[in-house]
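Single-structure report; data block below.
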Amino acid sequence: MRCAIIADIHANLAAFRAVLDHIERRGGVAEIWCLGDIVGYGPDPHQCIELLRQYNHICVAGNHDWAAIGKADASDFNPDAAVACQWTAQQLSPEDIEYLDKLPMVIERGDFTLVHGSPRQPIWEYLISIGSAKESFAYFQSQFCLVGHSHVPMVFRYDEEAGTCSSSQFTPSVGLALGKSRLIINPGGVGQPRDGDPRASYAIYDSDTGMIKLYRVPYDVGITQTRMVKHNLPIRLVARLSQGM
Ligand code: ZN
């Protein structure tokens, strides 16, 4: 079975469509695993929720999903994110709100645990450092954990014998072979990449080969930026999409 692993769509419909097209061109997947933050920052929150719901999928809640429906406190957001959050809240239909409200914080699926931030704090914690990643391995039971939130494709590996943790970039060219090690894997962000590469980022897991492969998908960033300007979304959020930062 093949599954697409996507995170942080952030209401970027052009990026999300490009990823879905890319998946279709690779023969499609049985299921989409979404790691949260469908909305926030971008110009098409309602459309992105509606499009995701057309697919066989599972999805956990992200901090922006909760903030947009008033379930999480947006006071921790920077001013630009807060403005976008307020605007997002006004774009959601009652069905969108109900859908976001029902998203679980954690999903366990076979060998995988899915969360947005970290297994310790599923909504808010960023896993960027080896220190916090190492501690995280105590907070999930499965062999692998899938996270989003940082928008940076990364793999953390736990060495059981040495009791140490290491990190590596998750690069598009080489597939990640799932072996015996426990891993925390971030597929990068679909709608607002932050690793200096503006292309949408996502991964495909193939249970037959035991591989996860990362893909970077170019999309027309200008379409999203034009729509953001039309809706008076903060200019810094518009500009960062070109840089992938
Ligand atoms: Zn995010």
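Identifiers in the structure tokens: chain A, B, ... in order shown; residue index from 1 per chain; ligand index from 1 in order shown.
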Can I get the residues of chain A within 8 Å of ligand 1, each with the closest pair of atoms and their distance in Å to one decimal, using only C-alpha atoms and all ligand atoms, sorted chain first then ascending number, as CSV?
```
residue,atom,partner,partner_atom_place_in_ligand_line,distance
A:Ala7,CA,ligand 1,1 (Zn),7.6
A:Asp8,CA,ligand 1,1 (Zn),4.6
A:Ile9,CA,ligand 1,1 (Zn),7.6
A:His10,CA,ligand 1,1 (Zn),6.5
A:Gly36,CA,ligand 1,1 (Zn),7.5
A:Asp37,CA,ligand 1,1 (Zn),5.2
A:Gly40,CA,ligand 1,1 (Zn),7.7
A:Gly62,CA,ligand 1,1 (Zn),7.1
A:Asn63,CA,ligand 1,1 (Zn),7.4
A:His64,CA,ligand 1,1 (Zn),6.9
A:Gly148,CA,ligand 1,1 (Zn),7.0
A:His149,CA,ligand 1,1 (Zn),4.4
A:Ser150,CA,ligand 1,1 (Zn),6.5
A:His151,CA,ligand 1,1 (Zn),6.4
A:Gly189,CA,ligand 1,1 (Zn),7.3
A:Gln192,CA,ligand 1,1 (Zn),7.6
```
Expected file contents, prior selection, N, CA, C and O atoms, as a short mmCIF file (atom, residue, chain, number, x, y, z; two decimals), in the first residue's frame:
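The file below, result_22.cif, is the result:
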```
data_model
loop_
_atom_site.label_atom_id
_atom_site.label_comp_id
_atom_site.auth_asym_id
_atom_site.auth_seq_id
_atom_site.Cartn_x
_atom_site.Cartn_y
_atom_site.Cartn_z
N ALA A 7 2.04 17.66 5.11
CA ALA A 7 1.92 18.50 6.32
C ALA A 7 1.88 19.96 5.92
O ALA A 7 2.40 20.35 4.87
N ASP A 8 1.25 20.76 6.78
CA ASP A 8 1.33 22.21 6.64
C ASP A 8 0.94 22.73 5.25
O ASP A 8 1.73 23.41 4.58
N ILE A 9 -0.27 22.40 4.85
CA ILE A 9 -0.81 22.92 3.59
C ILE A 9 -0.97 24.45 3.68
O ILE A 9 -0.75 25.17 2.72
N HIS A 10 -1.37 24.90 4.85
CA HIS A 10 -1.49 26.33 5.13
C HIS A 10 -2.27 27.10 4.07
O HIS A 10 -1.83 28.17 3.61
N GLY A 36 -1.58 18.02 9.78
CA GLY A 36 -2.13 19.23 10.38
C GLY A 36 -1.66 20.53 9.78
O GLY A 36 -0.78 20.57 8.92
N ASP A 37 -2.28 21.63 10.27
CA ASP A 37 -2.14 22.97 9.69
C ASP A 37 -2.60 22.98 8.23
O ASP A 37 -1.84 23.34 7.32
N GLY A 40 -4.36 28.61 7.79
CA GLY A 40 -3.45 29.58 8.40
C GLY A 40 -2.45 30.05 7.38
O GLY A 40 -1.93 29.25 6.60
N GLY A 62 -3.46 20.72 13.83
CA GLY A 62 -2.29 21.58 14.00
C GLY A 62 -2.66 22.83 14.79
O GLY A 62 -3.84 23.12 14.99
N ASN A 63 -1.65 23.57 15.22
CA ASN A 63 -1.91 24.78 16.01
C ASN A 63 -2.74 25.80 15.24
O ASN A 63 -3.61 26.46 15.80
N HIS A 64 -2.49 25.93 13.93
CA HIS A 64 -3.27 26.89 13.15
C HIS A 64 -4.71 26.43 12.93
O HIS A 64 -5.62 27.26 12.84
N GLY A 148 5.00 17.36 11.61
CA GLY A 148 5.09 18.51 10.71
C GLY A 148 5.59 19.70 11.51
O GLY A 148 6.54 19.60 12.27
N HIS A 149 4.90 20.85 11.35
CA HIS A 149 5.04 22.03 12.21
C HIS A 149 6.26 22.89 11.93
O HIS A 149 6.16 24.10 11.90
N SER A 150 7.45 22.29 11.73
CA SER A 150 8.64 23.11 11.48
C SER A 150 8.77 23.46 10.00
O SER A 150 9.52 24.36 9.64
N HIS A 151 8.06 22.74 9.14
CA HIS A 151 8.10 22.94 7.68
C HIS A 151 9.48 22.64 7.10
O HIS A 151 9.81 23.13 6.02
N GLY A 189 6.98 21.02 4.44
CA GLY A 189 5.68 21.67 4.32
C GLY A 189 5.19 21.78 2.88
O GLY A 189 5.98 22.08 1.99
N GLN A 192 4.06 26.13 2.80
CA GLN A 192 4.96 27.21 3.21
C GLN A 192 6.30 26.62 3.65
O GLN A 192 6.66 26.63 4.81
#
```
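Summary of the local environment: counting only C-alpha atoms, residues at most 10 Å from A:Met245, other than itself and those fewer than 4 positions away along its chain, are A:His151, A:Val152, A:Gln192, A:Pro193, A:Arg194, A:Asp195, A:Gly196, A:Asp197, A:Pro198, A:Leu237, A:Ala239, A:Arg240, A:Leu241.
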Could you turn the residues from that selection into a file that holds all heavy atoms, as a short mmCIF file (atom, residue, chain, number, x, y, z; two decimals), in the first residue's frame?
```
data_model
loop_
_atom_site.label_atom_id
_atom_site.label_comp_id
_atom_site.auth_asym_id
_atom_site.auth_seq_id
_atom_site.Cartn_x
_atom_site.Cartn_y
_atom_site.Cartn_z
N HIS A 151 8.06 22.74 9.14
CA HIS A 151 8.10 22.94 7.68
C HIS A 151 9.48 22.64 7.10
O HIS A 151 9.81 23.13 6.02
CB HIS A 151 7.70 24.37 7.29
CG HIS A 151 6.40 24.85 7.84
ND1 HIS A 151 5.77 25.98 7.36
CD2 HIS A 151 5.57 24.36 8.79
CE1 HIS A 151 4.64 26.18 8.02
NE2 HIS A 151 4.50 25.20 8.90
N VAL A 152 10.27 21.86 7.82
CA VAL A 152 11.62 21.51 7.35
C VAL A 152 11.73 19.99 7.26
O VAL A 152 11.57 19.30 8.28
CB VAL A 152 12.70 22.05 8.30
CG1 VAL A 152 14.09 21.61 7.86
CG2 VAL A 152 12.64 23.58 8.37
N GLN A 192 4.06 26.13 2.80
CA GLN A 192 4.96 27.21 3.21
C GLN A 192 6.30 26.62 3.65
O GLN A 192 6.66 26.63 4.81
CB GLN A 192 4.34 28.01 4.37
CG GLN A 192 5.01 29.34 4.60
CD GLN A 192 4.76 29.84 6.01
OE1 GLN A 192 5.33 29.33 6.97
NE2 GLN A 192 3.90 30.84 6.14
N PRO A 193 7.06 26.09 2.68
CA PRO A 193 8.36 25.49 3.01
C PRO A 193 9.28 26.51 3.69
O PRO A 193 9.22 27.70 3.39
CB PRO A 193 8.92 25.07 1.65
CG PRO A 193 7.74 24.99 0.75
CD PRO A 193 6.78 26.02 1.24
N ARG A 194 10.11 26.03 4.63
CA ARG A 194 10.99 26.95 5.36
C ARG A 194 12.44 26.49 5.36
O ARG A 194 13.20 26.80 6.27
CB ARG A 194 10.52 27.09 6.82
CG ARG A 194 9.23 27.84 6.97
CD ARG A 194 8.83 27.98 8.42
NE ARG A 194 7.47 28.47 8.53
CZ ARG A 194 6.74 28.35 9.64
NH1 ARG A 194 7.24 27.76 10.71
NH2 ARG A 194 5.50 28.82 9.67
N ASP A 195 12.82 25.72 4.36
CA ASP A 195 14.22 25.26 4.32
C ASP A 195 14.99 25.91 3.19
O ASP A 195 16.03 25.42 2.78
CB ASP A 195 14.26 23.73 4.19
CG ASP A 195 13.64 23.24 2.90
OD1 ASP A 195 12.81 23.98 2.31
OD2 ASP A 195 13.98 22.13 2.44
N GLY A 196 14.46 27.05 2.69
CA GLY A 196 15.16 27.77 1.64
C GLY A 196 14.83 27.30 0.24
O GLY A 196 15.34 27.84 -0.74
N ASP A 197 13.97 26.29 0.14
CA ASP A 197 13.53 25.79 -1.16
C ASP A 197 12.02 26.04 -1.26
O ASP A 197 11.25 25.45 -0.50
CB ASP A 197 13.84 24.28 -1.25
CG ASP A 197 13.46 23.67 -2.59
OD1 ASP A 197 12.67 24.29 -3.35
OD2 ASP A 197 13.92 22.55 -2.88
N PRO A 198 11.61 26.94 -2.17
CA PRO A 198 10.18 27.31 -2.21
C PRO A 198 9.25 26.22 -2.75
O PRO A 198 8.02 26.35 -2.64
CB PRO A 198 10.16 28.54 -3.12
CG PRO A 198 11.41 28.47 -3.93
CD PRO A 198 12.43 27.73 -3.11
N LEU A 237 4.23 37.62 4.83
CA LEU A 237 3.79 36.24 4.56
C LEU A 237 3.76 35.96 3.05
O LEU A 237 4.02 34.86 2.60
CB LEU A 237 2.40 35.99 5.16
CG LEU A 237 2.28 36.11 6.69
CD1 LEU A 237 0.85 35.85 7.14
CD2 LEU A 237 3.24 35.14 7.39
N ALA A 239 5.75 37.50 0.83
CA ALA A 239 7.13 37.49 0.32
C ALA A 239 7.86 36.18 0.65
O ALA A 239 8.63 35.67 -0.17
CB ALA A 239 7.90 38.68 0.91
N ARG A 240 7.59 35.62 1.84
CA ARG A 240 8.39 34.47 2.26
C ARG A 240 8.16 33.24 1.38
O ARG A 240 9.02 32.36 1.32
CB ARG A 240 8.12 34.15 3.73
CG ARG A 240 6.76 33.54 4.01
CD ARG A 240 6.48 33.40 5.50
NE ARG A 240 7.44 32.54 6.19
CZ ARG A 240 7.43 32.29 7.51
NH1 ARG A 240 6.51 32.86 8.27
NH2 ARG A 240 8.31 31.50 8.05
N LEU A 241 7.01 33.19 0.70
CA LEU A 241 6.75 32.02 -0.16
C LEU A 241 7.75 31.93 -1.31
O LEU A 241 8.08 30.83 -1.75
CB LEU A 241 5.32 32.08 -0.72
CG LEU A 241 4.18 31.90 0.27
CD1 LEU A 241 2.83 32.02 -0.43
CD2 LEU A 241 4.27 30.54 0.97
#
```
With 12 Å as the cut-off and only C-alpha atoms counted, what is the closest atom pair between each nearby residue of stretch 69-121 of chain A and stretch 203-225 of chain A? Distances in Å to one decimal, ordered by chain and number, as a tab-separated table.
```
residue	atom	partner	partner_atom	distance
A:Gly110	CA	A:Ser207	CA	10.4
A:Asp111	CA	A:Ser207	CA	10.2
A:Phe112	CA	A:Tyr205	CA	10.9
```
Residue selection dump (N, CA, C and O atoms) as a PDB file, in the first residue's frame:
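again_25.pdb, written as the output of this step:
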```pdb
ATOM      1  N   GLY A 110      -0.732   1.480  12.286  1.00  0.00           N
ATOM      2  CA  GLY A 110       0.314   0.473  12.091  1.00  0.00           C
ATOM      3  C   GLY A 110       1.581   0.848  12.842  1.00  0.00           C
ATOM      4  O   GLY A 110       1.555   1.082  14.044  1.00  0.00           O
ATOM      5  N   ASP A 111       2.694   0.939  12.114  1.00  0.00           N
ATOM      6  CA  ASP A 111       3.989   1.253  12.735  1.00  0.00           C
ATOM      7  C   ASP A 111       4.195   2.748  12.955  1.00  0.00           C
ATOM      8  O   ASP A 111       5.278   3.172  13.357  1.00  0.00           O
ATOM      9  N   PHE A 112       3.167   3.551  12.649  1.00  0.00           N
ATOM     10  CA  PHE A 112       3.350   5.002  12.668  1.00  0.00           C
ATOM     11  C   PHE A 112       2.446   5.696  13.695  1.00  0.00           C
ATOM     12  O   PHE A 112       1.290   5.314  13.868  1.00  0.00           O
TER      13      PHE A 112
END
```
Checklist entry - Counting only C-alpha atoms, which of A:Gly70, A:Pro122, A:Pro172, A:Gly191 gets nearest to A:Ile97? => result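 Looking at the shortest contact to A:Ile97, the residue is A:Gly70.
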Next on the checklist: Under the rule that only C-alpha atoms are counted, which of A:Thr164, A:Ser118, A:Asn56, A:Gln90 is the nearest residue to A:Gly131?
Outcome noted: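 Answer, going by the shortest atom-to-atom distance: A:Thr164.
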Item to check | DSSP-assigned strand (DSSP E or B) among stretch 67-166 of chain A, expressed as a list of chain:residue names | outcome: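 These are the residues in question: A:Ile107, A:Glu108, A:Arg109, A:Phe112, A:Thr113, A:Leu114, A:Phe144, A:Cys145, A:Leu146, A:Met154, A:Val155, A:Phe156, A:Arg157, A:Tyr158, A:Asp159, A:Thr164, A:Cys165, A:Ser166.
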Polymer residues at most 10 Å from A:Leu183, only C-alpha atoms, same-chain spacing of 4 or more positions, as a PDB file with all heavy atoms, in the first residue's frame:
```
ATOM      1  N   PHE A 112       3.167   3.551  12.649  1.00  0.00           N
ATOM      2  CA  PHE A 112       3.350   5.002  12.668  1.00  0.00           C
ATOM      3  C   PHE A 112       2.446   5.696  13.695  1.00  0.00           C
ATOM      4  O   PHE A 112       1.290   5.314  13.868  1.00  0.00           O
ATOM      5  CB  PHE A 112       3.035   5.591  11.290  1.00  0.00           C
ATOM      6  CG  PHE A 112       3.985   5.152  10.217  1.00  0.00           C
ATOM      7  CD1 PHE A 112       3.776   3.957   9.541  1.00  0.00           C
ATOM      8  CD2 PHE A 112       5.091   5.925   9.886  1.00  0.00           C
ATOM      9  CE1 PHE A 112       4.654   3.545   8.546  1.00  0.00           C
ATOM     10  CE2 PHE A 112       5.967   5.518   8.896  1.00  0.00           C
ATOM     11  CZ  PHE A 112       5.754   4.323   8.218  1.00  0.00           C
ATOM     12  N   ALA A 133      14.205  16.123  20.197  1.00  0.00           N
ATOM     13  CA  ALA A 133      13.823  14.919  19.452  1.00  0.00           C
ATOM     14  C   ALA A 133      14.123  13.667  20.272  1.00  0.00           C
ATOM     15  O   ALA A 133      13.307  12.748  20.366  1.00  0.00           O
ATOM     16  CB  ALA A 133      14.558  14.869  18.112  1.00  0.00           C
ATOM     17  N   PHE A 137      11.217  10.435  21.846  1.00  0.00           N
ATOM     18  CA  PHE A 137      11.075   8.998  21.578  1.00  0.00           C
ATOM     19  C   PHE A 137      10.391   8.248  22.725  1.00  0.00           C
ATOM     20  O   PHE A 137       9.869   7.158  22.525  1.00  0.00           O
ATOM     21  CB  PHE A 137      12.440   8.379  21.254  1.00  0.00           C
ATOM     22  CG  PHE A 137      12.893   8.637  19.847  1.00  0.00           C
ATOM     23  CD1 PHE A 137      13.771   9.671  19.559  1.00  0.00           C
ATOM     24  CD2 PHE A 137      12.415   7.860  18.793  1.00  0.00           C
ATOM     25  CE1 PHE A 137      14.175   9.921  18.255  1.00  0.00           C
ATOM     26  CE2 PHE A 137      12.821   8.101  17.484  1.00  0.00           C
ATOM     27  CZ  PHE A 137      13.701   9.138  17.219  1.00  0.00           C
ATOM     28  N   SER A 142       4.908   3.414  18.848  1.00  0.00           N
ATOM     29  CA  SER A 142       5.169   2.785  17.555  1.00  0.00           C
ATOM     30  C   SER A 142       6.645   2.952  17.168  1.00  0.00           C
ATOM     31  O   SER A 142       7.379   3.709  17.813  1.00  0.00           O
ATOM     32  CB  SER A 142       4.273   3.419  16.481  1.00  0.00           C
ATOM     33  OG  SER A 142       4.518   4.809  16.425  1.00  0.00           O
ATOM     34  N   GLN A 143       7.043   2.300  16.091  1.00  0.00           N
ATOM     35  CA  GLN A 143       8.444   2.423  15.682  1.00  0.00           C
ATOM     36  C   GLN A 143       8.759   3.791  15.076  1.00  0.00           C
ATOM     37  O   GLN A 143       9.837   4.336  15.260  1.00  0.00           O
ATOM     38  CB  GLN A 143       8.787   1.310  14.677  1.00  0.00           C
ATOM     39  CG  GLN A 143      10.295   1.218  14.426  1.00  0.00           C
ATOM     40  CD  GLN A 143      10.658   0.125  13.430  1.00  0.00           C
ATOM     41  OE1 GLN A 143       9.810  -0.676  13.031  1.00  0.00           O
ATOM     42  NE2 GLN A 143      11.910   0.098  13.024  1.00  0.00           N
ATOM     43  N   PHE A 144       7.764   4.321  14.366  1.00  0.00           N
ATOM     44  CA  PHE A 144       8.003   5.589  13.655  1.00  0.00           C
ATOM     45  C   PHE A 144       7.000   6.648  14.086  1.00  0.00           C
ATOM     46  O   PHE A 144       5.846   6.330  14.402  1.00  0.00           O
ATOM     47  CB  PHE A 144       7.881   5.374  12.141  1.00  0.00           C
ATOM     48  CG  PHE A 144       8.683   4.225  11.628  1.00  0.00           C
ATOM     49  CD1 PHE A 144       8.047   3.086  11.149  1.00  0.00           C
ATOM     50  CD2 PHE A 144      10.068   4.266  11.649  1.00  0.00           C
ATOM     51  CE1 PHE A 144       8.781   1.996  10.689  1.00  0.00           C
ATOM     52  CE2 PHE A 144      10.811   3.176  11.189  1.00  0.00           C
ATOM     53  CZ  PHE A 144      10.170   2.043  10.705  1.00  0.00           C
ATOM     54  N   CYS A 145       7.454   7.890  14.062  1.00  0.00           N
ATOM     55  CA  CYS A 145       6.552   9.009  14.338  1.00  0.00           C
ATOM     56  C   CYS A 145       6.670  10.011  13.201  1.00  0.00           C
ATOM     57  O   CYS A 145       7.786  10.326  12.754  1.00  0.00           O
ATOM     58  CB  CYS A 145       6.925   9.664  15.667  1.00  0.00           C
ATOM     59  SG  CYS A 145       5.836  11.024  16.142  1.00  0.00           S
ATOM     60  N   LEU A 146       5.539  10.482  12.706  1.00  0.00           N
ATOM     61  CA  LEU A 146       5.520  11.472  11.634  1.00  0.00           C
ATOM     62  C   LEU A 146       5.098  12.813  12.221  1.00  0.00           C
ATOM     63  O   LEU A 146       4.076  12.883  12.910  1.00  0.00           O
ATOM     64  CB  LEU A 146       4.532  11.054  10.535  1.00  0.00           C
ATOM     65  CG  LEU A 146       4.778   9.679   9.906  1.00  0.00           C
ATOM     66  CD1 LEU A 146       3.636   9.323   8.951  1.00  0.00           C
ATOM     67  CD2 LEU A 146       6.113   9.675   9.155  1.00  0.00           C
ATOM     68  N   VAL A 155      14.931  13.947   9.369  1.00  0.00           N
ATOM     69  CA  VAL A 155      14.797  12.617   9.970  1.00  0.00           C
ATOM     70  C   VAL A 155      15.625  12.566  11.252  1.00  0.00           C
ATOM     71  O   VAL A 155      16.809  12.908  11.244  1.00  0.00           O
ATOM     72  CB  VAL A 155      15.285  11.510   9.005  1.00  0.00           C
ATOM     73  CG1 VAL A 155      15.157  10.139   9.656  1.00  0.00           C
ATOM     74  CG2 VAL A 155      14.511  11.559   7.691  1.00  0.00           C
ATOM     75  N   PHE A 156      15.001  12.174  12.353  1.00  0.00           N
ATOM     76  CA  PHE A 156      15.710  11.930  13.604  1.00  0.00           C
ATOM     77  C   PHE A 156      15.745  10.420  13.831  1.00  0.00           C
ATOM     78  O   PHE A 156      14.721   9.743  13.719  1.00  0.00           O
ATOM     79  CB  PHE A 156      15.007  12.597  14.793  1.00  0.00           C
ATOM     80  CG  PHE A 156      14.997  14.100  14.720  1.00  0.00           C
ATOM     81  CD1 PHE A 156      13.874  14.773  14.259  1.00  0.00           C
ATOM     82  CD2 PHE A 156      16.105  14.833  15.102  1.00  0.00           C
ATOM     83  CE1 PHE A 156      13.851  16.158  14.198  1.00  0.00           C
ATOM     84  CE2 PHE A 156      16.095  16.219  15.047  1.00  0.00           C
ATOM     85  CZ  PHE A 156      14.967  16.883  14.594  1.00  0.00           C
ATOM     86  N   ARG A 157      16.929   9.932  14.159  1.00  0.00           N
ATOM     87  CA  ARG A 157      17.108   8.487  14.340  1.00  0.00           C
ATOM     88  C   ARG A 157      17.564   8.207  15.770  1.00  0.00           C
ATOM     89  O   ARG A 157      18.459   8.867  16.279  1.00  0.00           O
ATOM     90  CB  ARG A 157      18.165   7.997  13.345  1.00  0.00           C
ATOM     91  CG  ARG A 157      18.397   6.501  13.320  1.00  0.00           C
ATOM     92  CD  ARG A 157      19.483   6.166  12.289  1.00  0.00           C
ATOM     93  NE  ARG A 157      19.088   6.567  10.948  1.00  0.00           N
ATOM     94  CZ  ARG A 157      18.451   5.771  10.076  1.00  0.00           C
ATOM     95  NH1 ARG A 157      18.167   4.534  10.416  1.00  0.00           N
ATOM     96  NH2 ARG A 157      18.118   6.216   8.886  1.00  0.00           N
ATOM     97  N   TYR A 158      16.929   7.252  16.432  1.00  0.00           N
ATOM     98  CA  TYR A 158      17.306   6.890  17.799  1.00  0.00           C
ATOM     99  C   TYR A 158      18.128   5.616  17.777  1.00  0.00           C
ATOM    100  O   TYR A 158      17.706   4.603  17.221  1.00  0.00           O
ATOM    101  CB  TYR A 158      16.048   6.697  18.651  1.00  0.00           C
ATOM    102  CG  TYR A 158      16.362   6.546  20.115  1.00  0.00           C
ATOM    103  CD1 TYR A 158      16.830   7.625  20.863  1.00  0.00           C
ATOM    104  CD2 TYR A 158      16.209   5.323  20.761  1.00  0.00           C
ATOM    105  CE1 TYR A 158      17.147   7.491  22.210  1.00  0.00           C
ATOM    106  CE2 TYR A 158      16.506   5.180  22.112  1.00  0.00           C
ATOM    107  CZ  TYR A 158      16.978   6.264  22.827  1.00  0.00           C
ATOM    108  OH  TYR A 158      17.280   6.138  24.159  1.00  0.00           O
ATOM    109  N   ASP A 159      19.320   5.699  18.367  1.00  0.00           N
ATOM    110  CA  ASP A 159      20.179   4.520  18.463  1.00  0.00           C
ATOM    111  C   ASP A 159      19.928   3.864  19.820  1.00  0.00           C
ATOM    112  O   ASP A 159      20.377   4.349  20.858  1.00  0.00           O
ATOM    113  CB  ASP A 159      21.657   4.945  18.321  1.00  0.00           C
ATOM    114  CG  ASP A 159      22.593   3.729  18.322  1.00  0.00           C
ATOM    115  OD1 ASP A 159      22.295   2.729  19.015  1.00  0.00           O
ATOM    116  OD2 ASP A 159      23.625   3.791  17.620  1.00  0.00           O
ATOM    117  N   CYS A 165      20.711  10.082  19.835  1.00  0.00           N
ATOM    118  CA  CYS A 165      19.828  10.491  18.735  1.00  0.00           C
ATOM    119  C   CYS A 165      20.651  11.289  17.731  1.00  0.00           C
ATOM    120  O   CYS A 165      21.526  12.056  18.113  1.00  0.00           O
ATOM    121  CB  CYS A 165      18.691  11.341  19.311  1.00  0.00           C
ATOM    122  SG  CYS A 165      17.548  11.978  18.080  1.00  0.00           S
ATOM    123  N   SER A 166      20.381  11.078  16.461  1.00  0.00           N
ATOM    124  CA  SER A 166      21.060  11.868  15.435  1.00  0.00           C
ATOM    125  C   SER A 166      20.013  12.422  14.475  1.00  0.00           C
ATOM    126  O   SER A 166      18.891  11.917  14.410  1.00  0.00           O
ATOM    127  CB  SER A 166      22.065  11.000  14.670  1.00  0.00           C
ATOM    128  OG  SER A 166      21.399   9.908  14.082  1.00  0.00           O
ATOM    129  N   SER A 167      20.386  13.447  13.743  1.00  0.00           N
ATOM    130  CA  SER A 167      19.439  14.013  12.781  1.00  0.00           C
ATOM    131  C   SER A 167      20.089  14.105  11.417  1.00  0.00           C
ATOM    132  O   SER A 167      21.321  14.196  11.302  1.00  0.00           O
ATOM    133  CB  SER A 167      18.984  15.404  13.221  1.00  0.00           C
ATOM    134  OG  SER A 167      20.016  16.338  13.052  1.00  0.00           O
ATOM    135  N   LEU A 178      13.206   2.128   5.646  1.00  0.00           N
ATOM    136  CA  LEU A 178      12.825   1.925   7.035  1.00  0.00           C
ATOM    137  C   LEU A 178      13.427   0.614   7.517  1.00  0.00           C
ATOM    138  O   LEU A 178      13.111  -0.452   7.012  1.00  0.00           O
ATOM    139  CB  LEU A 178      11.298   1.886   7.165  1.00  0.00           C
ATOM    140  CG  LEU A 178      10.572   3.156   6.704  1.00  0.00           C
ATOM    141  CD1 LEU A 178       9.070   2.961   6.790  1.00  0.00           C
ATOM    142  CD2 LEU A 178      10.999   4.367   7.511  1.00  0.00           C
ATOM    143  N   GLY A 179      14.335   0.688   8.476  1.00  0.00           N
ATOM    144  CA  GLY A 179      14.955  -0.521   9.011  1.00  0.00           C
ATOM    145  C   GLY A 179      14.440  -0.794  10.400  1.00  0.00           C
ATOM    146  O   GLY A 179      13.252  -0.672  10.667  1.00  0.00           O
TER     147      GLY A 179
END
```
Checklist entry - How would you write, as an NGL selection string, the set of residues in stretch 62-245 of chain A that DSSP gives as helix (DSSP H, G or I)? => result :A and (63-68 or 74-76 or 79-91 or 94-102 or 130-139 or 221-230 or 235-243)
Checklist entry - In terms of the shortest atom-to-atom distance over only C-alpha atoms, which of A:Leu20, A:Ala162, A:Ala74, A:Ile69 is closest to A:Leu51? => result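 Ranking A:Leu20, A:Ala162, A:Ala74, A:Ile69 by distance to A:Leu51, first place goes to A:Leu20.
Proximity ranking of A:Ser75, A:Ser181, A:Ser173, A:Gln91 relative to A:Glu161 places A:Ser181 first, based on only C-alpha atoms.
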With only C-alpha atoms as the counted atoms, please give the residues lying no more than 12 Å from A:Asp73, apart from itself and same-chain residues fewer than 3 positions off, as a short mmCIF file (atom, residue, chain, number, x, y, z; two decimals) with N, CA, C and O atoms, in the first residue's frame.
```
data_model
loop_
_atom_site.label_atom_id
_atom_site.label_comp_id
_atom_site.auth_asym_id
_atom_site.auth_seq_id
_atom_site.Cartn_x
_atom_site.Cartn_y
_atom_site.Cartn_z
N ASN A 63 -1.65 23.57 15.22
CA ASN A 63 -1.91 24.78 16.01
C ASN A 63 -2.74 25.80 15.24
O ASN A 63 -3.61 26.46 15.80
N HIS A 64 -2.49 25.93 13.93
CA HIS A 64 -3.27 26.89 13.15
C HIS A 64 -4.71 26.43 12.93
O HIS A 64 -5.62 27.26 12.84
N ASP A 65 -4.90 25.13 12.84
CA ASP A 65 -6.28 24.60 12.70
C ASP A 65 -7.08 24.94 13.96
O ASP A 65 -8.25 25.33 13.87
N TRP A 66 -6.46 24.76 15.09
CA TRP A 66 -7.14 25.05 16.36
C TRP A 66 -7.32 26.55 16.57
O TRP A 66 -8.37 27.00 17.02
N ALA A 67 -6.29 27.33 16.26
CA ALA A 67 -6.38 28.78 16.48
C ALA A 67 -7.49 29.40 15.61
O ALA A 67 -8.21 30.29 16.06
N ALA A 68 -7.64 28.88 14.39
CA ALA A 68 -8.65 29.44 13.47
C ALA A 68 -10.07 29.23 13.97
O ALA A 68 -10.98 29.98 13.61
N ILE A 69 -10.28 28.23 14.81
CA ILE A 69 -11.63 27.98 15.34
C ILE A 69 -11.71 28.35 16.83
O ILE A 69 -12.66 27.98 17.52
N GLY A 70 -10.71 29.05 17.32
CA GLY A 70 -10.74 29.52 18.70
C GLY A 70 -10.49 28.44 19.73
O GLY A 70 -10.75 28.62 20.92
N ASP A 76 0.07 33.50 21.15
CA ASP A 76 1.46 33.11 20.95
C ASP A 76 1.94 33.38 19.53
O ASP A 76 3.13 33.31 19.25
N PHE A 77 1.00 33.67 18.64
CA PHE A 77 1.38 33.92 17.24
C PHE A 77 2.08 35.27 17.10
O PHE A 77 1.77 36.21 17.82
N ALA A 82 -1.13 36.23 13.46
CA ALA A 82 -2.39 36.55 14.15
C ALA A 82 -3.39 37.21 13.20
O ALA A 82 -4.59 36.88 13.22
N CYS A 85 -4.68 34.60 10.96
CA CYS A 85 -5.57 33.71 11.71
C CYS A 85 -6.97 34.31 11.83
O CYS A 85 -7.97 33.62 11.62
N GLN A 86 -7.04 35.60 12.12
CA GLN A 86 -8.34 36.29 12.22
C GLN A 86 -9.07 36.24 10.88
O GLN A 86 -10.27 35.98 10.81
N ILE A 123 0.39 19.63 19.64
CA ILE A 123 -0.06 20.83 18.92
C ILE A 123 1.05 21.86 18.76
O ILE A 123 1.20 22.47 17.70
N TRP A 124 1.87 22.07 19.79
CA TRP A 124 2.73 23.26 19.80
C TRP A 124 4.23 23.01 19.71
O TRP A 124 4.98 23.91 19.30
#
```
Item to check | Contact residues around stretch 230-232 of chain A with only C-alpha atoms at 9 Å, ignoring same-chain residues under 4 positions, as a PyMOL selection string | outcome: chain A and resi 43+87+225-226
